[in-house]
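A.B. asks: Before anything else, here's the structure in question.
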Amino acid sequence: MKAFYGDLRLGILGGGQLGRMLIQQSINYNVTVKVLDPDREAPCRRLCSEFVVGSLSDYETVYNFGKKVDLLTIEIEKVNVDALEQLEREGVMVYPQSRIIRLIQDKGLQKQFFKENEIPTAEFHIISSAEQLRESSIPFPYIQKLRRDGYDGKGVYKVIDESYLAKAFTEPSLIERWIDFEKEIAVIVARNENGEVKTFPMVEMEFNPEANLVEFLIQPSTLPFEIHQEAENIAKKIADTLKIVGILAVEMFLTKDGKVLVNELAPRPHNSGHQSIEGNVVSQFEQHLRAIFNQPLGDTTCLSNAIMVNVLGEAGHEGPAVYEGIEKILKCEGVYVHLYGKALTKPFRKMGHVTIVDADREKAIEKAQYVQKTLRVIS
């Protein structure tokens, strides 16, 4: 491999906010970054060394882009894996590896991987027709998820009783037992090519029920140590079993009877790790770079209480983005604003995030609640 910094050309498939924050860290290491994205106004467009407009699902586009870099990574899973496999055969380093992206693109394969490797997860059935859905032995209510292309709460449908079946997905999907959970938790884990594995401390998440998006996230968690240990051990086991190179987000449920169940995986920097930029010794973005360049992984210790608030487009507003209340929240100590460079807002679109850092946990929570009600993205 060429030097960690300098001559090595890094390619990112996807030009959204995750790529943008990865580039911001790459600049510190003097890494040359090229980005491929279908949107010519994508958040990465002005930060990278070269921005290429093109489809992430088209074989030739992804292949030709990948031939011009030394190392290829992703900020979105919906990419052409056949092209990545061919690039790997021709000597381009692809991290996370194409086989892992293929697995995670299909929620059915993900679930089968959990079952085969004794990773705790909710009971599920994989189905391919409406008839199989009606014949399922999983009791109401349950969750139906499209096997492919679901993200940010899309492709998920709660089937409460038989009357809901008429609007259920007809495409290949999986259904899983409804978990009456106590808390949604997540662990970010990183692994490099040498096999070094490190986890970030477990975080707790609150979701926006209307948008089904993470709205509020807090670290460190105050849940019992045993829960932390179990969640982090599960994440390490998954990373080692997959032999992934890079960052992996492991989203989990804590059930009301104290069990930890894995929900889904994301093989890239993730919304549940944004607070690490200010809240941890090393951020998830730096850790991802360290992992894919096969460098020593960094210290993931929490520096303080850190709360991440997603900044979402307001309901009923669509058009050029206006950030109302930003001056007010910037008057607060320990408040860090990250805007994603998206010119247009629409309801529940991720427009940015704010991290609140405070040695006093209760004060941090109060400030986060103030940010949530004060900062609005309107048009």
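Residue names in the structure tokens use chain letters A, B, ... in the order shown, residue numbers from 1 in each chain, and ligand numbers from 1 in the order shown.
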Could you list, as a ChimeraX atom specification, every residue within 12 Å of Glu327 of chain A, counting only C-alpha atoms and ignoring same-chain residues fewer than 5 positions away?
C.D. replies: /A:332,335,337,371,374-376
A.B. asks: Write the residues you've just listed into a file as a PDB file, in the first residue's frame, and include N, CA, C and O atoms for each of them.
C.D. replies:
ATOM      1  N   CYS A 332     -25.205  29.055  23.405  1.00  0.00           N
ATOM      2  CA  CYS A 332     -25.049  28.057  24.468  1.00  0.00           C
ATOM      3  C   CYS A 332     -23.642  27.466  24.441  1.00  0.00           C
ATOM      4  O   CYS A 332     -23.114  27.142  23.378  1.00  0.00           O
ATOM      5  N   VAL A 335     -22.156  23.665  22.542  1.00  0.00           N
ATOM      6  CA  VAL A 335     -23.053  23.308  21.439  1.00  0.00           C
ATOM      7  C   VAL A 335     -22.276  23.399  20.127  1.00  0.00           C
ATOM      8  O   VAL A 335     -21.683  24.433  19.814  1.00  0.00           O
ATOM      9  N   VAL A 337     -22.515  22.828  16.005  1.00  0.00           N
ATOM     10  CA  VAL A 337     -23.450  22.705  14.878  1.00  0.00           C
ATOM     11  C   VAL A 337     -22.734  22.115  13.658  1.00  0.00           C
ATOM     12  O   VAL A 337     -21.645  22.557  13.298  1.00  0.00           O
ATOM     13  N   VAL A 371     -32.206  22.873  22.086  1.00  0.00           N
ATOM     14  CA  VAL A 371     -31.825  22.846  20.660  1.00  0.00           C
ATOM     15  C   VAL A 371     -32.964  22.267  19.828  1.00  0.00           C
ATOM     16  O   VAL A 371     -33.315  22.801  18.761  1.00  0.00           O
ATOM     17  N   THR A 374     -35.722  24.835  19.461  1.00  0.00           N
ATOM     18  CA  THR A 374     -35.335  26.175  18.983  1.00  0.00           C
ATOM     19  C   THR A 374     -34.879  26.164  17.529  1.00  0.00           C
ATOM     20  O   THR A 374     -35.200  27.082  16.765  1.00  0.00           O
ATOM     21  N   LEU A 375     -34.108  25.169  17.135  1.00  0.00           N
ATOM     22  CA  LEU A 375     -33.551  25.133  15.774  1.00  0.00           C
ATOM     23  C   LEU A 375     -34.527  24.432  14.839  1.00  0.00           C
ATOM     24  O   LEU A 375     -34.841  23.256  15.024  1.00  0.00           O
ATOM     25  N   ARG A 376     -35.011  25.169  13.851  1.00  0.00           N
ATOM     26  CA  ARG A 376     -35.980  24.624  12.892  1.00  0.00           C
ATOM     27  C   ARG A 376     -35.469  24.899  11.476  1.00  0.00           C
ATOM     28  O   ARG A 376     -34.965  25.991  11.184  1.00  0.00           O
TER      29      ARG A 376
END
A.B. asks: Got a sec: who's within 7 Å of segment 104-114 of chain A, counting only C-alpha atoms, leaving out chain neighbours fewer than 5 positions off, as a list of chain:residue names?
C.D. replies: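 Non-adjacent residues within range: A:Glu77, A:Lys78, A:Ile119, A:Pro120, A:Thr121, A:Ile126, A:Arg147, A:Arg148, A:Leu174, A:Leu265.
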A.B. asks: As a short mmCIF file (atom, residue, chain, number, x, y, z; two decimals) with N, CA and C atoms, in the first residue's frame, please: the residues near Val377 of chain A (cut-off 7 Å, only C-alpha atoms, same-chain neighbours under 6 positions excluded).
C.D. replies:
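The new file around.cif reads:
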data_model
loop_
_atom_site.label_atom_id
_atom_site.label_comp_id
_atom_site.auth_asym_id
_atom_site.auth_seq_id
_atom_site.Cartn_x
_atom_site.Cartn_y
_atom_site.Cartn_z
N LEU A 312 -33.70 17.96 11.38
CA LEU A 312 -34.54 17.46 10.30
C LEU A 312 -35.38 18.58 9.71
N GLY A 313 -35.66 18.46 8.42
CA GLY A 313 -36.56 19.41 7.77
C GLY A 313 -37.92 19.40 8.43
N GLU A 314 -38.49 20.59 8.63
CA GLU A 314 -39.81 20.70 9.28
C GLU A 314 -40.92 20.18 8.38
N ALA A 321 -33.45 25.97 2.03
CA ALA A 321 -33.39 25.81 3.49
C ALA A 321 -33.06 27.11 4.21
N VAL A 322 -33.80 27.37 5.28
CA VAL A 322 -33.54 28.50 6.18
C VAL A 322 -33.43 27.91 7.60
N TYR A 323 -32.33 28.23 8.30
CA TYR A 323 -32.10 27.67 9.63
C TYR A 323 -32.54 28.69 10.68
N GLU A 324 -33.76 28.52 11.16
CA GLU A 324 -34.34 29.44 12.12
C GLU A 324 -33.89 29.08 13.54
#
A.B. asks: Write out as a VMD selection string each polymer residue whose atoms come within 6 Å of segment 354-368 of chain A, counting only C-alpha atoms; drop sequence neighbours fewer than 3 positions from it.
C.D. replies: chain A and resid 275 304 to 309 334 to 338 371
A.B. asks: Taking the chain letters and numbering used in this document, name the residues of segment 186-240 of chain A that DSSP puts in strand (DSSP E), as a compact mmCIF listing (two decimals) with all heavy atoms, in the first residue's frame.
C.D. replies:
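The resulting selection.txt:
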# COMPACT_ATOMS: atom_id res chain seq x y z
N ALA A 186 -26.98 1.22 20.37
CA ALA A 186 -26.10 0.95 19.23
C ALA A 186 -24.65 0.94 19.68
O ALA A 186 -24.28 1.62 20.63
CB ALA A 186 -26.30 2.01 18.14
N VAL A 187 -23.87 0.14 18.96
CA VAL A 187 -22.42 0.10 19.17
C VAL A 187 -21.75 0.22 17.82
O VAL A 187 -22.10 -0.48 16.87
CB VAL A 187 -21.98 -1.21 19.86
CG1 VAL A 187 -20.45 -1.31 19.88
CG2 VAL A 187 -22.53 -1.30 21.27
N ILE A 188 -20.80 1.15 17.73
CA ILE A 188 -19.96 1.27 16.54
C ILE A 188 -18.68 0.47 16.82
O ILE A 188 -18.04 0.67 17.86
CB ILE A 188 -19.58 2.74 16.26
CG1 ILE A 188 -20.83 3.60 16.07
CG2 ILE A 188 -18.64 2.84 15.06
CD1 ILE A 188 -21.47 3.56 14.73
N VAL A 189 -18.34 -0.43 15.91
CA VAL A 189 -17.14 -1.24 16.05
C VAL A 189 -16.26 -1.04 14.82
O VAL A 189 -16.78 -0.82 13.72
CB VAL A 189 -17.49 -2.74 16.26
CG1 VAL A 189 -18.29 -3.28 15.09
CG2 VAL A 189 -16.26 -3.59 16.51
N ALA A 190 -14.96 -1.08 15.00
CA ALA A 190 -14.03 -0.94 13.88
C ALA A 190 -13.05 -2.11 13.90
O ALA A 190 -12.68 -2.61 14.97
CB ALA A 190 -13.26 0.37 13.96
N ARG A 191 -12.64 -2.53 12.70
CA ARG A 191 -11.64 -3.60 12.57
C ARG A 191 -10.72 -3.26 11.42
O ARG A 191 -11.18 -2.82 10.36
CB ARG A 191 -12.33 -4.94 12.32
CG ARG A 191 -11.37 -6.13 12.19
CD ARG A 191 -12.14 -7.41 11.87
NE ARG A 191 -11.24 -8.55 11.71
CZ ARG A 191 -10.57 -8.84 10.59
NH1 ARG A 191 -10.71 -8.05 9.50
NH2 ARG A 191 -9.77 -9.87 10.52
N VAL A 197 -9.51 -4.96 16.71
CA VAL A 197 -10.93 -4.59 16.83
C VAL A 197 -11.13 -3.68 18.03
O VAL A 197 -10.61 -3.95 19.12
CB VAL A 197 -11.82 -5.85 16.98
CG1 VAL A 197 -13.28 -5.46 17.20
CG2 VAL A 197 -11.69 -6.76 15.77
N LYS A 198 -11.87 -2.59 17.83
CA LYS A 198 -12.22 -1.69 18.94
C LYS A 198 -13.66 -1.24 18.79
O LYS A 198 -14.11 -0.94 17.69
CB LYS A 198 -11.30 -0.47 18.98
CG LYS A 198 -9.95 -0.73 19.62
CD LYS A 198 -9.23 0.57 19.95
CE LYS A 198 -7.89 0.28 20.62
NZ LYS A 198 -7.17 1.53 20.93
N THR A 199 -14.34 -1.13 19.94
CA THR A 199 -15.71 -0.62 19.94
C THR A 199 -15.73 0.77 20.55
O THR A 199 -14.90 1.12 21.39
CB THR A 199 -16.65 -1.51 20.77
OG1 THR A 199 -16.12 -1.64 22.09
CG2 THR A 199 -16.81 -2.88 20.15
N VAL A 203 -24.27 3.54 22.94
CA VAL A 203 -25.10 4.74 23.03
C VAL A 203 -26.57 4.35 23.10
O VAL A 203 -26.97 3.28 22.64
CB VAL A 203 -24.87 5.70 21.84
CG1 VAL A 203 -23.42 6.16 21.79
CG2 VAL A 203 -25.26 5.04 20.51
N GLU A 204 -27.37 5.24 23.68
CA GLU A 204 -28.83 5.08 23.71
C GLU A 204 -29.45 6.00 22.67
O GLU A 204 -28.97 7.12 22.46
CB GLU A 204 -29.38 5.46 25.08
CG GLU A 204 -28.87 4.62 26.22
CD GLU A 204 -29.42 5.10 27.57
OE1 GLU A 204 -30.55 5.66 27.59
OE2 GLU A 204 -28.72 4.94 28.58
N MET A 205 -30.53 5.55 22.04
CA MET A 205 -31.16 6.33 20.98
C MET A 205 -32.64 6.54 21.26
O MET A 205 -33.31 5.68 21.82
CB MET A 205 -31.01 5.62 19.63
CG MET A 205 -29.59 5.50 19.15
SD MET A 205 -29.48 4.64 17.56
CE MET A 205 -29.84 2.96 18.05
N GLU A 206 -33.12 7.71 20.86
CA GLU A 206 -34.55 7.99 20.85
C GLU A 206 -34.94 8.25 19.40
O GLU A 206 -34.25 9.01 18.70
CB GLU A 206 -34.88 9.23 21.70
CG GLU A 206 -34.51 9.11 23.17
CD GLU A 206 -35.39 8.14 23.93
OE1 GLU A 206 -36.50 7.84 23.43
OE2 GLU A 206 -34.97 7.69 25.01
N PHE A 207 -36.04 7.65 18.95
CA PHE A 207 -36.45 7.79 17.56
C PHE A 207 -37.63 8.74 17.42
O PHE A 207 -38.47 8.84 18.31
CB PHE A 207 -36.84 6.43 16.97
CG PHE A 207 -35.68 5.65 16.43
CD1 PHE A 207 -34.75 5.08 17.27
CD2 PHE A 207 -35.50 5.50 15.06
CE1 PHE A 207 -33.67 4.37 16.79
CE2 PHE A 207 -34.43 4.80 14.56
CZ PHE A 207 -33.51 4.23 15.42
N ASN A 208 -37.67 9.43 16.27
CA ASN A 208 -38.85 10.20 15.90
C ASN A 208 -39.88 9.20 15.38
O ASN A 208 -39.68 8.59 14.32
CB ASN A 208 -38.48 11.22 14.82
CG ASN A 208 -39.66 12.06 14.37
OD1 ASN A 208 -40.73 11.53 14.08
ND2 ASN A 208 -39.46 13.35 14.27
N LEU A 213 -36.76 7.94 12.35
CA LEU A 213 -35.35 8.32 12.26
C LEU A 213 -34.82 8.60 13.66
O LEU A 213 -35.56 9.03 14.54
CB LEU A 213 -35.18 9.59 11.41
CG LEU A 213 -35.46 9.52 9.93
CD1 LEU A 213 -35.47 10.93 9.35
CD2 LEU A 213 -34.41 8.69 9.23
N VAL A 214 -33.52 8.37 13.85
CA VAL A 214 -32.89 8.75 15.12
C VAL A 214 -33.01 10.26 15.29
O VAL A 214 -32.66 11.02 14.40
CB VAL A 214 -31.40 8.35 15.14
CG1 VAL A 214 -30.74 8.88 16.42
CG2 VAL A 214 -31.23 6.85 15.07
N GLU A 215 -33.56 10.68 16.42
CA GLU A 215 -33.75 12.11 16.67
C GLU A 215 -32.84 12.60 17.78
O GLU A 215 -32.42 13.75 17.80
CB GLU A 215 -35.21 12.36 17.04
CG GLU A 215 -35.57 13.82 17.15
CD GLU A 215 -37.06 14.02 17.29
OE1 GLU A 215 -37.67 13.46 18.23
OE2 GLU A 215 -37.63 14.74 16.46
N PHE A 216 -32.49 11.70 18.67
CA PHE A 216 -31.83 12.10 19.90
C PHE A 216 -30.96 10.92 20.34
O PHE A 216 -31.43 9.78 20.36
CB PHE A 216 -32.93 12.38 20.92
CG PHE A 216 -32.48 12.93 22.23
CD1 PHE A 216 -32.50 14.29 22.46
CD2 PHE A 216 -32.09 12.09 23.27
CE1 PHE A 216 -32.12 14.81 23.70
CE2 PHE A 216 -31.72 12.60 24.50
CZ PHE A 216 -31.73 13.97 24.72
N LEU A 217 -29.69 11.17 20.64
CA LEU A 217 -28.77 10.09 20.99
C LEU A 217 -27.89 10.57 22.14
O LEU A 217 -27.49 11.73 22.16
CB LEU A 217 -27.94 9.76 19.75
CG LEU A 217 -26.82 8.75 19.84
CD1 LEU A 217 -26.65 8.08 18.48
CD2 LEU A 217 -25.51 9.43 20.23
N ILE A 218 -27.60 9.69 23.10
CA ILE A 218 -26.83 10.12 24.26
C ILE A 218 -25.75 9.10 24.63
O ILE A 218 -25.97 7.89 24.54
CB ILE A 218 -27.75 10.40 25.48
CG1 ILE A 218 -26.97 11.01 26.64
CG2 ILE A 218 -28.51 9.15 25.90
CD1 ILE A 218 -27.85 11.65 27.70
N GLN A 219 -24.56 9.63 24.96
CA GLN A 219 -23.47 8.80 25.48
C GLN A 219 -22.80 9.54 26.63
O GLN A 219 -22.83 10.78 26.66
CB GLN A 219 -22.45 8.50 24.39
CG GLN A 219 -21.55 9.68 24.04
CD GLN A 219 -20.26 9.31 23.33
OE1 GLN A 219 -20.21 8.41 22.52
NE2 GLN A 219 -19.21 10.06 23.62
A.B. asks: Using only C-alpha atoms, which protein or nucleic acid residues come within 8 Å of segment 281-292 of chain A? Drop anything in the same chain fewer than 3 positions from it, and give the result as a VMD selection string.
C.D. replies: chain A and resid 21 to 22 25 to 26 95 to 96 188 190 to 193 245 to 247 268 to 269 273 to 274 276 to 278 295 to 303
A.B. asks: Between A:Asn194, A:Ser136, A:Thr170, A:Thr345, single out the one closest to Ala315 of chain A, counting only C-alpha atoms.
C.D. replies: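 Looking only at the distances to Ala315 of chain A, the closest residue turns out to be A:Thr345.
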A.B. asks: In Å, with one decimal, what is the gap from atom CA of Gln372 of chain A to atom CA of Gly14 of chain A?
C.D. replies: 28.1 Å
A.B. asks: Identify, on the basis of only C-alpha atoms, every residue whose closest approach to segment 79-93 of chain A does not exceed 7 Å; exclude the query and any residue fewer than 2 positions from it along the same chain; express the result as a PyMOL selection string.
C.D. replies: chain A and resi 56-59+62-63+66+70-72+77+95+98+102
